[in-house]
Amino acid sequence: MSAGRLPCITMEVDVNSQLVFLPLALALLLAASAARAHGDVTPQAVDVSTLKPLGAQWRDENPYRKDKEAVRIGTSAYNQNCARCHGLEAVSGGIAPDLRKLDIDKETDQYYLASVRLGKVRNGAVYMPPYEGILSQEAIWAIKAYLETRREP
Ligand code: HEC
């Protein structure tokens with residue numbers, strides 16, 4: 001449907017005929033919001049089969065720093081799981097911290113890992129959901145590898 005053509009049609013017919021478009025507009029609106037809500041609640045599976053497997057033991061430092069494949073996977077995993085709060089391309093819109101500020105060192109990696117595994121819950125309020133059991137260790141570090149390419153002091 002070309003929105004640009006609508007004025008031409010409505011000029012030739014009675015103004016009331018515009019009501020015909022109302023159910024269609026409502027249907028589109030509902031479909032769009034349903035799609036968005038769906039994306040919000042469903043954790044996205046991340047295919048990490050092309051990455052070096054890390055095993056069950058949690059690492060205390062990002063094993064994928066500068067790994068191109070990890071950055072590729074981390075980019076899409078970030079977009080699907082984190083961008084809605086932390087912003088597209090990790091540029092925060094102010095709702096959640098700007099993850100480009102995370103340092104690239106062991107200490108920050110440990111803080112990052114704990115934040116993502118446990119989420120951010122204070123006084124019963126969930127500021128960020130926990131990702132342990134939802135994202136694999138590989139996916140979590142791949143996201144960090146992506147964030148390191150977006151680093152801005
Ligand atoms: C529902 C929104 C939401 C989602 C989704 C979300 N976060 Fe967060 N995140 C937050 C908020 C809000 C905070 C700050 C919480 C606080 O005030 O303690 C935060 C904090 C963090 C922190 C600590 C940052 C700092 O500077 O202290 C890290 C790291 C982090 N998030 C990583 C992630 C990653 C990685 C993902 C995706 C796997 C993600 N978050 C998904 C909302 C979210």
# chains A, B, ... in the order shown; residues from 1 in each chain; ligands from 1

call {"tool": "residues_around", "arguments": {"residues": "Arg100 in chain A", "least_positions_apart": "5", "cutoff": "6 Å", "atoms": "only C-alpha atoms", "output": "PyMOL selection string"}}
result
chain A and resi 150-152

call {"tool": "write_last_selection", "arguments": {"atoms": "N, CA and C atoms", "output": "compact mmCIF listing (two decimals), in the first residue's frame"}}
result
# COMPACT_ATOMS: atom_id res chain seq x y z
N ARG A 150 32.98 -1.04 20.43
CA ARG A 150 32.20 0.21 20.51
C ARG A 150 32.74 1.11 21.62
N ARG A 151 33.84 0.74 22.23
CA ARG A 151 34.39 1.43 23.39
C ARG A 151 34.57 2.93 23.17
N GLU A 152 34.07 3.69 24.12
CA GLU A 152 34.24 5.14 24.09
C GLU A 152 34.45 5.62 25.52

call {"tool": "select_by_dssp", "arguments": {"residues": "range 26-126 of chain A", "states": "helix (DSSP H, G or I)", "output": "PyMOL selection string"}}
result
chain A and resi 26-41+68-81+83-86+88-90+99-101+106-118

call {"tool": "write_last_selection", "arguments": {"atoms": "N, CA and C atoms", "output": "short mmCIF file (atom, residue, chain, number, x, y, z; two decimals), in the first residue's frame"}}
result
data_model
loop_
_atom_site.label_atom_id
_atom_site.label_comp_id
_atom_site.auth_asym_id
_atom_site.auth_seq_id
_atom_site.Cartn_x
_atom_site.Cartn_y
_atom_site.Cartn_z
N LEU A 26 -5.89 0.34 12.35
CA LEU A 26 -5.90 -0.26 13.69
C LEU A 26 -5.25 -1.64 13.68
N ALA A 27 -5.57 -2.42 12.65
CA ALA A 27 -5.02 -3.77 12.55
C ALA A 27 -3.50 -3.72 12.43
N LEU A 28 -3.01 -2.78 11.61
CA LEU A 28 -1.57 -2.64 11.45
C LEU A 28 -0.90 -2.25 12.76
N LEU A 29 -1.55 -1.34 13.46
CA LEU A 29 -1.03 -0.85 14.73
C LEU A 29 -0.92 -1.99 15.74
N LEU A 30 -1.99 -2.79 15.84
CA LEU A 30 -2.01 -3.92 16.76
C LEU A 30 -0.93 -4.93 16.41
N ALA A 31 -0.80 -5.22 15.11
CA ALA A 31 0.20 -6.20 14.67
C ALA A 31 1.60 -5.70 15.05
N ALA A 32 1.83 -4.42 14.85
CA ALA A 32 3.15 -3.86 15.14
C ALA A 32 3.46 -3.94 16.62
N SER A 33 2.49 -3.60 17.49
CA SER A 33 2.78 -3.60 18.92
C SER A 33 2.91 -5.03 19.44
N ALA A 34 2.15 -5.95 18.85
CA ALA A 34 2.26 -7.36 19.26
C ALA A 34 3.65 -7.88 18.94
N ALA A 35 4.15 -7.51 17.76
CA ALA A 35 5.48 -7.96 17.35
C ALA A 35 6.52 -7.43 18.32
N ARG A 36 6.37 -6.17 18.72
CA ARG A 36 7.36 -5.56 19.61
C ARG A 36 7.31 -6.23 20.99
N ALA A 37 6.10 -6.44 21.49
CA ALA A 37 5.95 -7.07 22.82
C ALA A 37 6.57 -8.46 22.80
N HIS A 38 6.37 -9.16 21.70
CA HIS A 38 6.91 -10.51 21.57
C HIS A 38 8.43 -10.48 21.67
N GLY A 39 9.04 -9.55 20.95
CA GLY A 39 10.50 -9.43 20.97
C GLY A 39 11.01 -9.13 22.37
N ASP A 40 10.21 -8.42 23.15
CA ASP A 40 10.63 -8.03 24.49
C ASP A 40 10.69 -9.20 25.46
N VAL A 41 9.72 -10.11 25.38
CA VAL A 41 9.65 -11.15 26.41
C VAL A 41 10.39 -12.43 26.02
N LYS A 68 37.15 -11.92 15.69
CA LYS A 68 36.22 -11.36 14.69
C LYS A 68 34.88 -12.09 14.68
N GLU A 69 34.91 -13.41 14.76
CA GLU A 69 33.67 -14.20 14.73
C GLU A 69 32.84 -13.91 15.99
N ALA A 70 33.52 -13.77 17.13
CA ALA A 70 32.81 -13.45 18.37
C ALA A 70 32.15 -12.07 18.27
N VAL A 71 32.85 -11.13 17.64
CA VAL A 71 32.29 -9.79 17.47
C VAL A 71 31.03 -9.85 16.59
N ARG A 72 31.11 -10.68 15.53
CA ARG A 72 29.96 -10.81 14.62
C ARG A 72 28.75 -11.37 15.38
N ILE A 73 28.97 -12.45 16.13
CA ILE A 73 27.88 -13.08 16.87
C ILE A 73 27.41 -12.17 18.01
N GLY A 74 28.36 -11.53 18.66
CA GLY A 74 28.02 -10.62 19.76
C GLY A 74 27.19 -9.44 19.30
N THR A 75 27.44 -8.96 18.09
CA THR A 75 26.68 -7.83 17.57
C THR A 75 25.20 -8.19 17.47
N SER A 76 24.90 -9.36 16.90
CA SER A 76 23.49 -9.71 16.75
C SER A 76 22.89 -10.12 18.09
N ALA A 77 23.67 -10.79 18.94
CA ALA A 77 23.16 -11.16 20.28
C ALA A 77 22.84 -9.90 21.09
N TYR A 78 23.70 -8.88 20.96
CA TYR A 78 23.45 -7.61 21.67
C TYR A 78 22.16 -6.98 21.16
N ASN A 79 22.02 -6.90 19.83
CA ASN A 79 20.84 -6.26 19.24
C ASN A 79 19.56 -6.95 19.66
N GLN A 80 19.60 -8.28 19.78
CA GLN A 80 18.39 -9.03 20.11
C GLN A 80 18.06 -9.01 21.60
N ASN A 81 19.08 -8.89 22.46
CA ASN A 81 18.83 -9.05 23.90
C ASN A 81 19.05 -7.81 24.74
N ALA A 83 19.80 -4.30 23.30
CA ALA A 83 19.64 -2.98 22.67
C ALA A 83 18.38 -2.26 23.11
N ARG A 84 17.33 -3.01 23.43
CA ARG A 84 16.07 -2.33 23.78
C ARG A 84 16.20 -1.49 25.04
N CYS A 85 17.14 -1.83 25.89
CA CYS A 85 17.38 -0.99 27.08
C CYS A 85 18.67 -0.18 26.95
N HIS A 86 19.73 -0.82 26.44
CA HIS A 86 21.04 -0.15 26.42
C HIS A 86 21.30 0.62 25.13
N LEU A 88 20.62 1.17 20.60
CA LEU A 88 21.16 0.64 19.35
C LEU A 88 22.63 0.99 19.25
N GLU A 89 23.43 0.04 18.81
CA GLU A 89 24.87 0.20 18.68
C GLU A 89 25.51 0.63 20.00
N ALA A 90 24.86 0.25 21.10
CA ALA A 90 25.35 0.51 22.45
C ALA A 90 25.39 1.99 22.82
N LEU A 99 27.03 1.16 27.75
CA LEU A 99 27.99 0.06 27.90
C LEU A 99 29.28 0.28 27.11
N ARG A 100 29.35 1.40 26.35
CA ARG A 100 30.61 1.73 25.67
C ARG A 100 31.66 2.19 26.69
N LYS A 101 31.17 2.51 27.91
CA LYS A 101 32.08 3.02 28.95
C LYS A 101 32.79 1.91 29.71
N LYS A 106 40.45 -7.16 33.19
CA LYS A 106 39.94 -8.31 33.92
C LYS A 106 38.91 -7.92 34.98
N GLU A 107 39.19 -6.87 35.72
CA GLU A 107 38.30 -6.44 36.80
C GLU A 107 36.93 -6.07 36.24
N THR A 108 36.91 -5.31 35.14
CA THR A 108 35.65 -4.89 34.53
C THR A 108 34.92 -6.10 33.94
N ASP A 109 35.69 -7.04 33.38
CA ASP A 109 35.07 -8.26 32.84
C ASP A 109 34.31 -9.00 33.94
N GLN A 110 34.89 -9.06 35.15
CA GLN A 110 34.23 -9.75 36.25
C GLN A 110 32.93 -9.05 36.65
N TYR A 111 32.99 -7.71 36.65
CA TYR A 111 31.79 -6.93 36.97
C TYR A 111 30.73 -7.12 35.89
N TYR A 112 31.18 -7.10 34.63
CA TYR A 112 30.27 -7.31 33.49
C TYR A 112 29.59 -8.67 33.60
N LEU A 113 30.39 -9.72 33.83
CA LEU A 113 29.86 -11.08 33.90
C LEU A 113 28.83 -11.21 35.02
N ALA A 114 29.16 -10.67 36.20
CA ALA A 114 28.23 -10.75 37.33
C ALA A 114 26.94 -9.99 37.01
N SER A 115 27.06 -8.82 36.39
CA SER A 115 25.87 -8.02 36.04
C SER A 115 24.95 -8.79 35.10
N VAL A 116 25.53 -9.44 34.10
CA VAL A 116 24.72 -10.12 33.09
C VAL A 116 24.14 -11.43 33.66
N ARG A 117 24.95 -12.17 34.42
CA ARG A 117 24.45 -13.43 34.97
C ARG A 117 23.30 -13.19 35.96
N LEU A 118 23.49 -12.24 36.86
CA LEU A 118 22.52 -12.04 37.94
C LEU A 118 21.48 -10.97 37.63
#

call {"tool": "closest_residue", "arguments": {"among": "A:Leu54, A:Ala125, A:Ala145, A:Ile140", "to": "ligand 1", "atoms": "only C-alpha atoms and all ligand atoms"}}
result
A:Ile140

call {"tool": "atom_distance", "arguments": {"atom1": "atom 21 (C, counted along the ligand's line) of ligand 1", "atom2": "CA of Ala96 in chain A"}}
result
6.9 Å

call {"tool": "residues_around", "arguments": {"residues": "Met128 in chain A", "least_positions_apart": "6", "cutoff": "7 Å", "atoms": "only C-alpha atoms", "output": "VMD selection string"}}
result
chain A and resid 119 to 121

call {"tool": "write_last_selection", "arguments": {"atoms": "C-alpha atoms", "output": "CSV table (one decimal), in the first residue's frame"}}
result
chain,number,residue,atom,x,y,z
A,119,GLY,CA,20.8,-9.0,36.3
A,120,LYS,CA,20.2,-5.9,38.4
A,121,VAL,CA,17.6,-6.4,41.1

call {"tool": "atom_distance", "arguments": {"atom1": "CA of Asp47 in chain A", "atom2": "CA of Trp141 in chain A"}}
result
13.1 Å

call {"tool": "residues_around", "arguments": {"residues": "Gln57 in chain A", "least_positions_apart": "2", "cutoff": "12 Å", "atoms": "only C-alpha atoms", "output": "MDAnalysis selection string"}}
result
chainID A and resid 53:55 59:61 136:138

call {"tool": "closest_residue", "arguments": {"among": "A:Asp98, A:Glu132, A:Asp67, A:Asp105", "to": "ligand 1", "atoms": "only C-alpha atoms and all ligand atoms"}}
result
A:Asp98

call {"tool": "atom_distance", "arguments": {"atom1": "atom 31 (N, counted along the ligand's line) of ligand 1", "atom2": "CA of Ile95 in chain A"}}
result
10.6 Å

call {"tool": "closest_residue", "arguments": {"among": "A:Pro97, A:Pro130, A:Pro153, A:Pro63", "to": "ligand 1", "atoms": "only C-alpha atoms and all ligand atoms"}}
result
A:Pro97

call {"tool": "closest_residue", "arguments": {"among": "A:Val126, A:Leu51, A:Val46, A:Val91", "to": "Leu147 in chain A", "atoms": "only C-alpha atoms"}}
result
A:Val91

call {"tool": "closest_residue", "arguments": {"among": "A:Cys82, A:Thr149, A:Ala56, A:Leu102", "to": "ligand 1", "atoms": "only C-alpha atoms and all ligand atoms"}}
result
A:Cys82

call {"tool": "closest_residue", "arguments": {"among": "A:Glu148, A:Tyr64, A:Gly87, A:Tyr127", "to": "ligand 1", "atoms": "only C-alpha atoms and all ligand atoms"}}
result
A:Tyr127
